[in-house]
>>> print(open('work.txt').read())   # compact mmCIF, C-alpha atoms and all ligand atoms
# COMPACT_ATOMS: atom_id res chain seq x y z
CA MET I 97 -24.48 8.18 -14.44
CA GLU I 98 -20.98 9.20 -15.46
CA GLU I 99 -18.48 9.04 -12.59
CA LYS I 100 -16.92 12.38 -11.65
CA THR I 101 -13.18 12.63 -11.61
CA CYS I 102 -10.83 15.26 -10.25
CA PRO I 103 -8.66 17.22 -12.76
CA SER I 104 -5.70 14.99 -11.97
CA ALA I 105 -7.76 11.93 -12.77
CA GLU I 106 -8.72 13.31 -16.18
CA LEU I 107 -5.08 14.00 -16.89
CA PHE I 108 -4.19 10.48 -15.86
CA PHE I 109 -6.73 8.93 -18.21
CA LYS I 110 -5.34 10.91 -21.15
CA ARG I 111 -1.84 9.64 -20.62
CA GLU I 112 -0.51 6.33 -21.72
CA PHE I 113 1.06 4.28 -18.98
CA LYS I 114 3.30 1.31 -19.26
CA LYS I 115 1.34 -1.80 -18.40
CA HIS I 116 2.99 -4.80 -16.83
CA THR I 117 2.59 -7.62 -19.30
CA GLY I 118 1.95 -10.21 -16.59
CA ILE I 119 -0.98 -8.36 -15.04
CA LYS I 120 -3.99 -8.00 -17.24
CA ASP I 121 -6.01 -4.78 -17.09
CA ILE I 122 -3.89 -3.05 -14.42
CA ARG I 123 -2.49 0.35 -15.32
CA PHE I 124 -0.25 1.21 -12.40
CA VAL I 125 1.26 -0.83 -9.59
CA LEU I 126 2.14 1.09 -6.47
CA ALA I 127 4.12 -0.73 -3.78
CA ILE I 128 3.90 0.30 -0.12
CA GLY I 129 6.79 -0.93 1.97
CA SER I 130 9.09 -0.24 4.88
CA GLY I 131 12.11 -1.72 6.51
CA LYS I 132 10.65 -2.08 9.96
CA GLY I 133 7.38 -3.79 10.88
CA GLY I 134 4.50 -1.93 12.49
CA VAL I 135 5.35 1.51 11.11
CA GLY I 136 2.06 1.90 9.22
CA LYS I 137 2.20 0.15 5.81
CA THR I 138 -1.31 -1.24 6.10
CA THR I 139 -2.67 2.02 7.47
CA VAL I 140 -1.11 4.01 4.62
CA SER I 141 -2.17 1.42 1.97
CA ALA I 142 -5.76 1.75 3.16
CA ILE I 143 -5.64 5.56 3.36
CA LEU I 144 -4.12 5.75 -0.12
CA SER I 145 -6.77 3.45 -1.55
CA LEU I 146 -9.49 5.69 -0.04
CA ALA I 147 -7.74 8.78 -1.43
CA LEU I 148 -7.32 7.45 -4.99
CA LYS I 149 -10.87 6.11 -5.02
CA LYS I 150 -12.13 9.52 -3.92
CA ALA I 151 -10.16 11.05 -6.81
CA GLY I 152 -12.16 8.88 -9.21
CA TYR I 153 -9.89 5.93 -9.86
CA LEU I 154 -10.52 2.20 -9.85
CA VAL I 155 -8.39 0.89 -7.01
CA GLY I 156 -7.39 -2.56 -5.79
CA VAL I 157 -5.37 -3.30 -2.66
CA PHE I 158 -3.46 -6.53 -2.13
CA ASP I 159 -2.37 -7.51 1.38
CA LEU I 160 0.88 -9.37 0.83
CA ASP I 161 1.69 -9.65 4.51
CA PHE I 162 1.23 -13.40 4.76
CA TYR I 163 2.27 -13.60 8.39
CA GLY I 164 0.23 -10.72 9.78
CA PRO I 165 -2.47 -9.82 7.26
CA ASN I 166 -4.98 -7.27 8.51
CA LEU I 167 -5.82 -4.95 5.63
CA HIS I 168 -9.34 -6.41 5.44
CA LEU I 169 -9.96 -5.41 9.08
CA VAL I 170 -8.74 -1.89 8.46
CA LEU I 171 -11.10 -1.55 5.48
CA GLY I 172 -13.96 -3.26 7.33
CA VAL I 173 -14.21 -6.37 5.13
CA ASN I 174 -14.99 -9.88 6.30
CA LYS I 175 -16.24 -11.52 3.12
CA LYS I 176 -14.17 -14.25 1.51
CA PRO I 177 -13.12 -13.87 -2.13
CA MET I 178 -15.06 -15.95 -4.68
CA VAL I 179 -13.30 -18.61 -6.69
CA GLU I 180 -14.82 -19.09 -10.14
CA PHE I 181 -13.39 -21.48 -12.72
CA GLY I 182 -10.11 -21.57 -10.78
CA LYS I 183 -9.81 -17.76 -10.72
CA ILE I 184 -9.79 -15.78 -7.46
CA LYS I 185 -12.05 -12.71 -7.51
CA PRO I 186 -11.08 -10.01 -4.98
CA VAL I 187 -13.76 -8.77 -2.59
CA SER I 188 -15.29 -5.39 -3.39
CA SER I 189 -15.99 -3.00 -0.55
CA ASP I 190 -17.10 0.58 -1.09
CA ASN I 191 -15.74 0.42 -4.66
CA ILE I 192 -12.30 -0.75 -3.60
CA LYS I 193 -11.21 -4.25 -4.51
CA ILE I 194 -9.43 -6.05 -1.71
CA LEU I 195 -7.53 -9.29 -1.57
CA SER I 196 -5.77 -10.75 1.40
CA LEU I 197 -4.57 -14.18 2.27
CA ALA I 198 -6.43 -13.77 5.55
CA LEU I 199 -9.74 -13.79 3.65
CA MET I 200 -8.87 -17.12 2.07
CA ILE I 201 -8.03 -19.14 5.16
CA ALA I 202 -9.85 -19.99 8.38
CA GLU I 203 -9.43 -17.22 10.94
CA LYS I 204 -7.83 -19.36 13.62
CA GLU I 205 -5.61 -21.26 11.23
CA PRO I 206 -2.01 -20.25 11.90
CA ILE I 207 0.07 -19.40 8.85
CA PHE I 208 3.13 -21.55 9.38
CA MET I 209 5.17 -21.21 6.25
CA ARG I 210 8.82 -20.98 5.64
CA GLY I 211 10.06 -18.36 3.19
CA LEU I 212 10.30 -20.67 0.20
CA MET I 213 6.83 -22.14 0.74
CA ALA I 214 5.38 -18.68 1.13
CA SER I 215 6.96 -17.31 -2.03
CA LYS I 216 5.84 -20.39 -4.00
CA LEU I 217 2.30 -19.94 -2.68
CA LEU I 218 2.48 -16.28 -3.61
CA GLN I 219 3.49 -17.03 -7.18
CA GLU I 220 0.65 -19.54 -7.57
CA LEU I 221 -1.80 -17.13 -6.03
CA LEU I 222 -0.75 -14.23 -8.23
CA GLN I 223 -1.38 -16.29 -11.37
CA LYS I 224 -4.92 -17.06 -10.24
CA VAL I 225 -6.10 -13.62 -9.20
CA GLU I 226 -8.43 -11.80 -11.56
CA TRP I 227 -8.65 -8.16 -10.52
CA GLY I 228 -10.60 -6.88 -13.50
CA PRO I 229 -9.80 -3.37 -14.79
CA LEU I 230 -7.87 -1.25 -12.28
CA ASP I 231 -6.17 2.13 -12.51
CA PHE I 232 -4.11 1.41 -9.42
CA LEU I 233 -3.11 -1.78 -7.70
CA ILE I 234 -1.69 -0.98 -4.27
CA LEU I 235 0.57 -3.63 -2.76
CA ASP I 236 0.72 -3.74 1.03
CA LEU I 237 4.07 -5.45 1.46
CA PRO I 238 5.43 -7.44 4.36
CA PRO I 239 8.18 -5.77 6.38
CA GLY I 240 11.81 -6.39 5.57
CA THR I 241 13.41 -7.70 2.43
CA GLY I 242 12.72 -11.44 2.65
CA ASP I 243 11.56 -13.95 0.04
CA ILE I 244 8.04 -12.58 -0.37
CA PHE I 245 9.29 -9.06 -0.78
CA LEU I 246 11.74 -10.10 -3.49
CA THR I 247 9.24 -12.40 -5.23
CA MET I 248 6.77 -9.52 -5.27
CA LEU I 249 9.27 -7.09 -6.76
CA ASP I 250 10.10 -9.52 -9.54
CA PHE I 251 6.50 -10.45 -10.30
CA PHE I 252 4.89 -7.02 -10.17
CA ASN I 253 7.79 -4.87 -11.25
CA PRO I 254 6.04 -1.89 -9.55
CA GLU I 255 6.16 1.45 -11.32
CA GLY I 256 6.36 3.26 -8.00
CA PHE I 257 7.42 2.46 -4.45
CA ILE I 258 6.35 4.47 -1.41
CA LEU I 259 8.48 4.04 1.68
CA ILE I 260 6.68 4.22 5.00
CA THR I 261 8.59 5.13 8.12
CA THR I 262 8.23 6.88 11.41
CA PRO I 263 10.98 9.37 12.22
CA HIS I 264 12.36 6.93 14.81
CA LYS I 265 16.06 6.02 14.44
CA LEU I 266 15.40 2.25 14.38
CA ALA I 267 12.78 2.56 11.65
CA LEU I 268 15.15 4.72 9.59
CA SER I 269 18.00 2.27 9.98
CA ASP I 270 15.83 -0.59 8.66
CA ALA I 271 14.47 1.64 5.89
CA LYS I 272 18.01 2.15 4.55
CA ARG I 273 18.40 -1.59 3.96
CA THR I 274 15.15 -1.70 1.98
CA LEU I 275 16.20 1.31 -0.06
CA SER I 276 19.50 -0.26 -1.05
CA ILE I 277 17.64 -3.27 -2.50
CA LEU I 278 15.19 -1.04 -4.34
CA LYS I 279 18.05 0.92 -5.85
CA GLU I 280 19.78 -2.28 -6.91
CA LYS I 281 16.56 -3.42 -8.60
CA MET I 282 15.98 0.05 -10.05
CA VAL I 283 12.48 0.42 -8.60
CA PRO I 284 11.40 4.10 -8.82
CA ILE I 285 10.84 5.52 -5.33
CA LEU I 286 8.00 8.04 -5.27
CA GLY I 287 8.86 9.33 -1.82
CA VAL I 288 8.62 8.80 1.90
CA VAL I 289 5.48 8.84 4.01
CA LYS I 290 6.30 10.13 7.47
CA ASN I 291 3.85 8.31 9.68
CA MET I 292 2.90 9.42 13.20
CA ALA I 293 4.78 12.55 12.24
CA ASP I 294 3.76 14.59 15.29
CA PHE I 295 4.69 11.95 17.87
CA PHE I 296 8.48 12.13 17.61
CA GLU I 297 10.44 15.12 18.84
CA ASP I 298 13.86 14.46 17.34
CA GLU I 299 13.70 15.64 13.72
CA THR I 300 17.46 15.60 13.12
CA SER I 301 17.79 11.89 12.32
CA PHE I 302 14.86 12.07 9.93
CA GLN I 303 16.24 15.09 8.08
CA ASP I 304 19.68 13.47 7.87
CA PHE I 305 18.04 10.33 6.47
CA LEU I 306 16.23 12.28 3.75
CA ASN I 307 19.38 14.19 2.78
CA GLU I 308 21.57 11.11 2.74
CA GLN I 309 19.07 9.10 0.67
CA LYS I 310 18.16 12.08 -1.54
CA LEU I 311 14.47 11.54 -0.87
CA ASN I 312 11.51 13.81 -0.21
CA VAL I 313 8.50 13.49 2.04
CA LEU I 314 5.50 12.61 -0.11
CA PHE I 315 3.05 13.30 2.70
CA GLU I 316 2.78 13.09 6.47
CA ILE I 317 0.22 11.33 8.62
CA PRO I 318 -0.25 12.53 12.18
CA VAL I 319 -1.15 10.23 15.06
CA LEU I 320 -4.78 9.32 14.39
CA LYS I 321 -6.30 9.25 17.88
CA GLU I 322 -9.45 7.63 16.42
CA LEU I 323 -7.45 4.43 15.90
CA SER I 324 -7.50 3.85 19.64
CA LYS I 325 -11.28 3.31 19.37
CA THR I 326 -11.68 1.60 15.99
CA GLU I 327 -9.45 -0.17 13.50
CA ASN I 328 -11.78 0.73 10.62
CA LEU I 329 -10.19 3.54 8.61
CA THR I 330 -13.26 3.99 6.41
CA GLU I 331 -15.05 5.21 9.55
CA VAL I 332 -12.08 7.32 10.67
CA PHE I 333 -12.01 9.13 7.31
CA GLU I 334 -15.72 9.93 7.13
CA SER I 335 -15.52 13.51 8.44
CA SER I 336 -15.27 16.40 5.96
CA GLU I 337 -11.92 17.43 7.44
CA LYS I 338 -10.51 13.93 6.86
CA GLN I 339 -12.05 13.82 3.36
CA LYS I 340 -10.10 17.01 2.54
CA PHE I 341 -6.97 15.30 3.83
CA LEU I 342 -7.60 12.41 1.39
CA GLU I 343 -7.85 14.90 -1.50
CA THR I 344 -4.50 16.42 -0.57
CA ILE I 345 -2.87 12.99 -0.42
CA ALA I 346 -4.28 11.97 -3.81
CA GLU I 347 -3.03 15.20 -5.44
CA LYS I 348 0.48 14.67 -4.05
CA VAL I 349 0.71 11.05 -5.15
CA LEU I 350 -0.81 11.68 -8.59
CA ASP I 351 1.60 14.54 -9.13
CA LYS I 352 4.51 12.11 -8.63
CA VAL I 353 2.86 9.41 -10.74
CA PHE I 354 2.50 11.78 -13.70
CA ARG I 355 6.20 12.45 -13.65
CA ILE I 356 7.11 8.79 -14.17
CA LYS I 357 7.92 8.19 -17.80
N1 LIG S 1 -0.87 7.44 12.11
C1 LIG S 1 -1.26 6.55 13.02
N2 LIG S 1 -1.91 6.95 14.14
C2 LIG S 1 -2.30 6.05 15.08
N3 LIG S 1 -2.07 4.73 15.00
C3 LIG S 1 -1.42 4.29 13.91
C4 LIG S 1 -0.99 5.16 12.86
N4 LIG S 1 -0.38 4.41 11.91
C5 LIG S 1 -0.43 3.14 12.33
N5 LIG S 1 -1.06 3.06 13.52
C6 LIG S 1 -1.32 1.84 14.32
O1 LIG S 1 -0.08 1.14 14.47
C7 LIG S 1 -0.29 -0.26 14.32
C8 LIG S 1 0.59 -0.78 13.17
O2 LIG S 1 0.13 -0.15 11.97
P1 LIG S 1 0.07 -0.97 10.61
O3 LIG S 1 -0.59 -2.28 10.81
O4 LIG S 1 -0.48 -0.05 9.59
O5 LIG S 1 1.63 -1.18 10.38
P2 LIG S 1 2.35 -2.19 9.37
O6 LIG S 1 3.63 -1.53 9.00
O7 LIG S 1 1.44 -2.56 8.26
O8 LIG S 1 2.56 -3.44 10.30
P3 LIG S 1 3.17 -4.88 9.88
O9 LIG S 1 4.62 -4.68 9.66
O10 LIG S 1 2.86 -5.74 11.05
O11 LIG S 1 2.45 -5.30 8.61
C9 LIG S 1 -1.77 -0.47 14.08
O12 LIG S 1 -2.38 -0.78 15.30
C10 LIG S 1 -2.25 0.89 13.56
O13 LIG S 1 -3.60 1.14 13.89
>>> encode(input="work.txt", output="structure tokens", more="lines below")
Ligand SMILES: Nc1ncnc2c1ncn2[C@@H]1O[C@H](COP(=O)(O)OP(=O)(O)OP(=O)(O)O)[C@@H](O)[C@H]1O
Amino acid sequence: MEEKTCPSAELFFKREFKKHTGIKDIRFVLAIGSGKGGVGKTTVSAILSLALKKAGYLVGVFDLDFYGPNLHLVLGVNKKPMVEFGKIKPVSSDNIKILSLALMIAEKEPIFMRGLMASKLLQELLQKVEWGPLDFLILDLPPGTGDIFLTMLDFFNPEGFILITTPHKLALSDAKRTLSILKEKMVPILGVVKNMADFFEDETSFQDFLNEQKLNVLFEIPVLKELSKTENLTEVFESSEKQKFLETIAEKVLDKVFRIK
């Protein structure tokens, strides 16, 4: 049976997109990052993967948070990736391909790595991963602008970066540092996701931040009360109201993606 796609998806398929030479079969790399930790990168990466899959795209998500990887938990995956002929095959769950370092090591094994070791491991790992054909590869980045972050930027050369932040002053201050590196490296910024948007009362700092950085809000995510009962976002987004929310998100992101030359 032919898979249904939304109008945006059809438009996307008709257009030619630059493909990164180093990554076979991947049409668009979307990086999800922040300055501060714990502001919702993994949550947004998972929500975005659900949204783009719902819009009819082939999506892969890569958890690059070596020190605190938990994307697999959020997407309800506990299978380990297969290794065939030296190539790592990401795990498929509900038509989304997922890869995380956490799925490749024993659960209780601590990840003690210094920056250089981690970025070397990352480079080796990246060479071995075989995603298969993907429309979007979503990168769930570690917080900050350390070795892994920089290695990732150089290796993937993402066509679009989405900055996740809460409207809190501390998160905004850290976000500015990340933005200055992205500007230096000329990574296109698709916009800002305002996470836990309804929790914070002071909007002034956030508005000032947007004006100063000349950025727009791509979309907002309210506090998801369901996350106090389950970490599995696939379950949280099952209701028809939440499915509509995913459609809105996909339309907003695709609209930005189409504008990238
Ligand atoms: N909109 C939201 N509503 C409710 N809880 C949220 C929301 N966004 C994130 N959280 C919760 O906040 C915590 C941190 O979120 P998440 O893991 O997505 O952040 P992160 O930026 O990826 O963290 P890290 O920097 O450690 O990788 C998680 O427990 C998550 O469930």
>>> residues_near_ligand(input="work.txt", ligand="ligand LIG 1 (chain S)", cutoff="7 Å", atoms="all atoms listed in the file", output="PyMOL selection string")
chain I and resi 130+132-140+161+164-165+238-239+291-292+317-321+323+327
>>> closest_residue(input="work.txt", among="I:Val187, I:Ile192, I:Val179, I:Leu146", to="I:Leu221", atoms="all atoms listed in the file")
I:Val179
>>> atom_distance(input="work.txt", atom1="atom CA of I:Ser145", atom2="atom CA of I:Ser196")
14.5 Å
>>> closest_residue(input="work.txt", among="I:Leu286, I:Pro229, I:Glu322, I:His264", to="I:Val353", atoms="only C-alpha atoms")
I:Leu286
>>> closest_residue(input="work.txt", among="I:Gly172, I:Gly256, I:Gly242, I:Pro284", to="I:Ala127", atoms="only C-alpha atoms")
I:Gly256
>>> residues_near_point(input="work.txt", point="(-2.0, -1.3, -7.4)", cutoff="6 Å", atoms="all atoms listed in the file", output="count of residues only")
8
>>> atom_distance(input="work.txt", atom1="atom CA of I:Ala346", atom2="atom CA of I:Glu299")
25.4 Å
>>> closest_residue(input="work.txt", among="I:Asn166, I:Ser215, I:Thr261, I:Ser189", to="I:Phe302", atoms="only C-alpha atoms")
I:Thr261
>>> decode(input="work.txt", residues="stretch 258-272 of chain I", atoms="N, CA and C atoms", output="tab-separated table (two decimals), in the first residue's frame")
chain	number	residue	atom	x	y	z
I	258	ILE	N	17.93	23.68	15.55
I	258	ILE	CA	16.80	24.19	16.34
I	258	ILE	C	17.27	24.35	17.79
I	259	LEU	N	17.13	25.55	18.28
I	259	LEU	CA	17.60	25.85	19.64
I	259	LEU	C	16.47	25.66	20.65
I	260	ILE	N	16.72	24.81	21.63
I	260	ILE	CA	15.71	24.57	22.66
I	260	ILE	C	16.07	25.38	23.90
I	261	THR	N	15.09	26.07	24.42
I	261	THR	CA	15.31	26.78	25.68
I	261	THR	C	14.00	26.94	26.44
I	262	THR	N	14.11	27.10	27.72
I	262	THR	CA	12.96	27.58	28.48
I	262	THR	C	13.14	29.10	28.54
I	263	PRO	N	12.09	29.81	28.94
I	263	PRO	CA	12.26	31.28	29.00
I	263	PRO	C	13.06	31.74	30.23
I	264	HIS	N	13.66	30.82	30.96
I	264	HIS	CA	14.40	31.19	32.17
I	264	HIS	C	15.70	31.90	31.81
I	265	LYS	N	16.03	32.92	32.63
I	265	LYS	CA	17.22	33.75	32.35
I	265	LYS	C	18.50	32.93	32.20
I	266	LEU	N	18.68	31.92	33.07
I	266	LEU	CA	19.92	31.13	33.02
I	266	LEU	C	20.01	30.34	31.72
I	267	ALA	N	18.88	29.79	31.30
I	267	ALA	CA	18.87	29.01	30.05
I	267	ALA	C	19.19	29.94	28.88
I	268	LEU	N	18.66	31.14	28.92
I	268	LEU	CA	18.88	32.10	27.82
I	268	LEU	C	20.34	32.54	27.76
I	269	SER	N	20.91	32.71	28.93
I	269	SER	CA	22.31	33.14	28.98
I	269	SER	C	23.22	32.07	28.35
I	270	ASP	N	22.95	30.80	28.68
I	270	ASP	CA	23.75	29.71	28.09
I	270	ASP	C	23.46	29.56	26.59
I	271	ALA	N	22.21	29.81	26.21
I	271	ALA	CA	21.83	29.69	24.80
I	271	ALA	C	22.63	30.67	23.94
I	272	LYS	N	22.91	31.85	24.49
I	272	LYS	CA	23.65	32.87	23.72
I	272	LYS	C	25.03	32.37	23.33
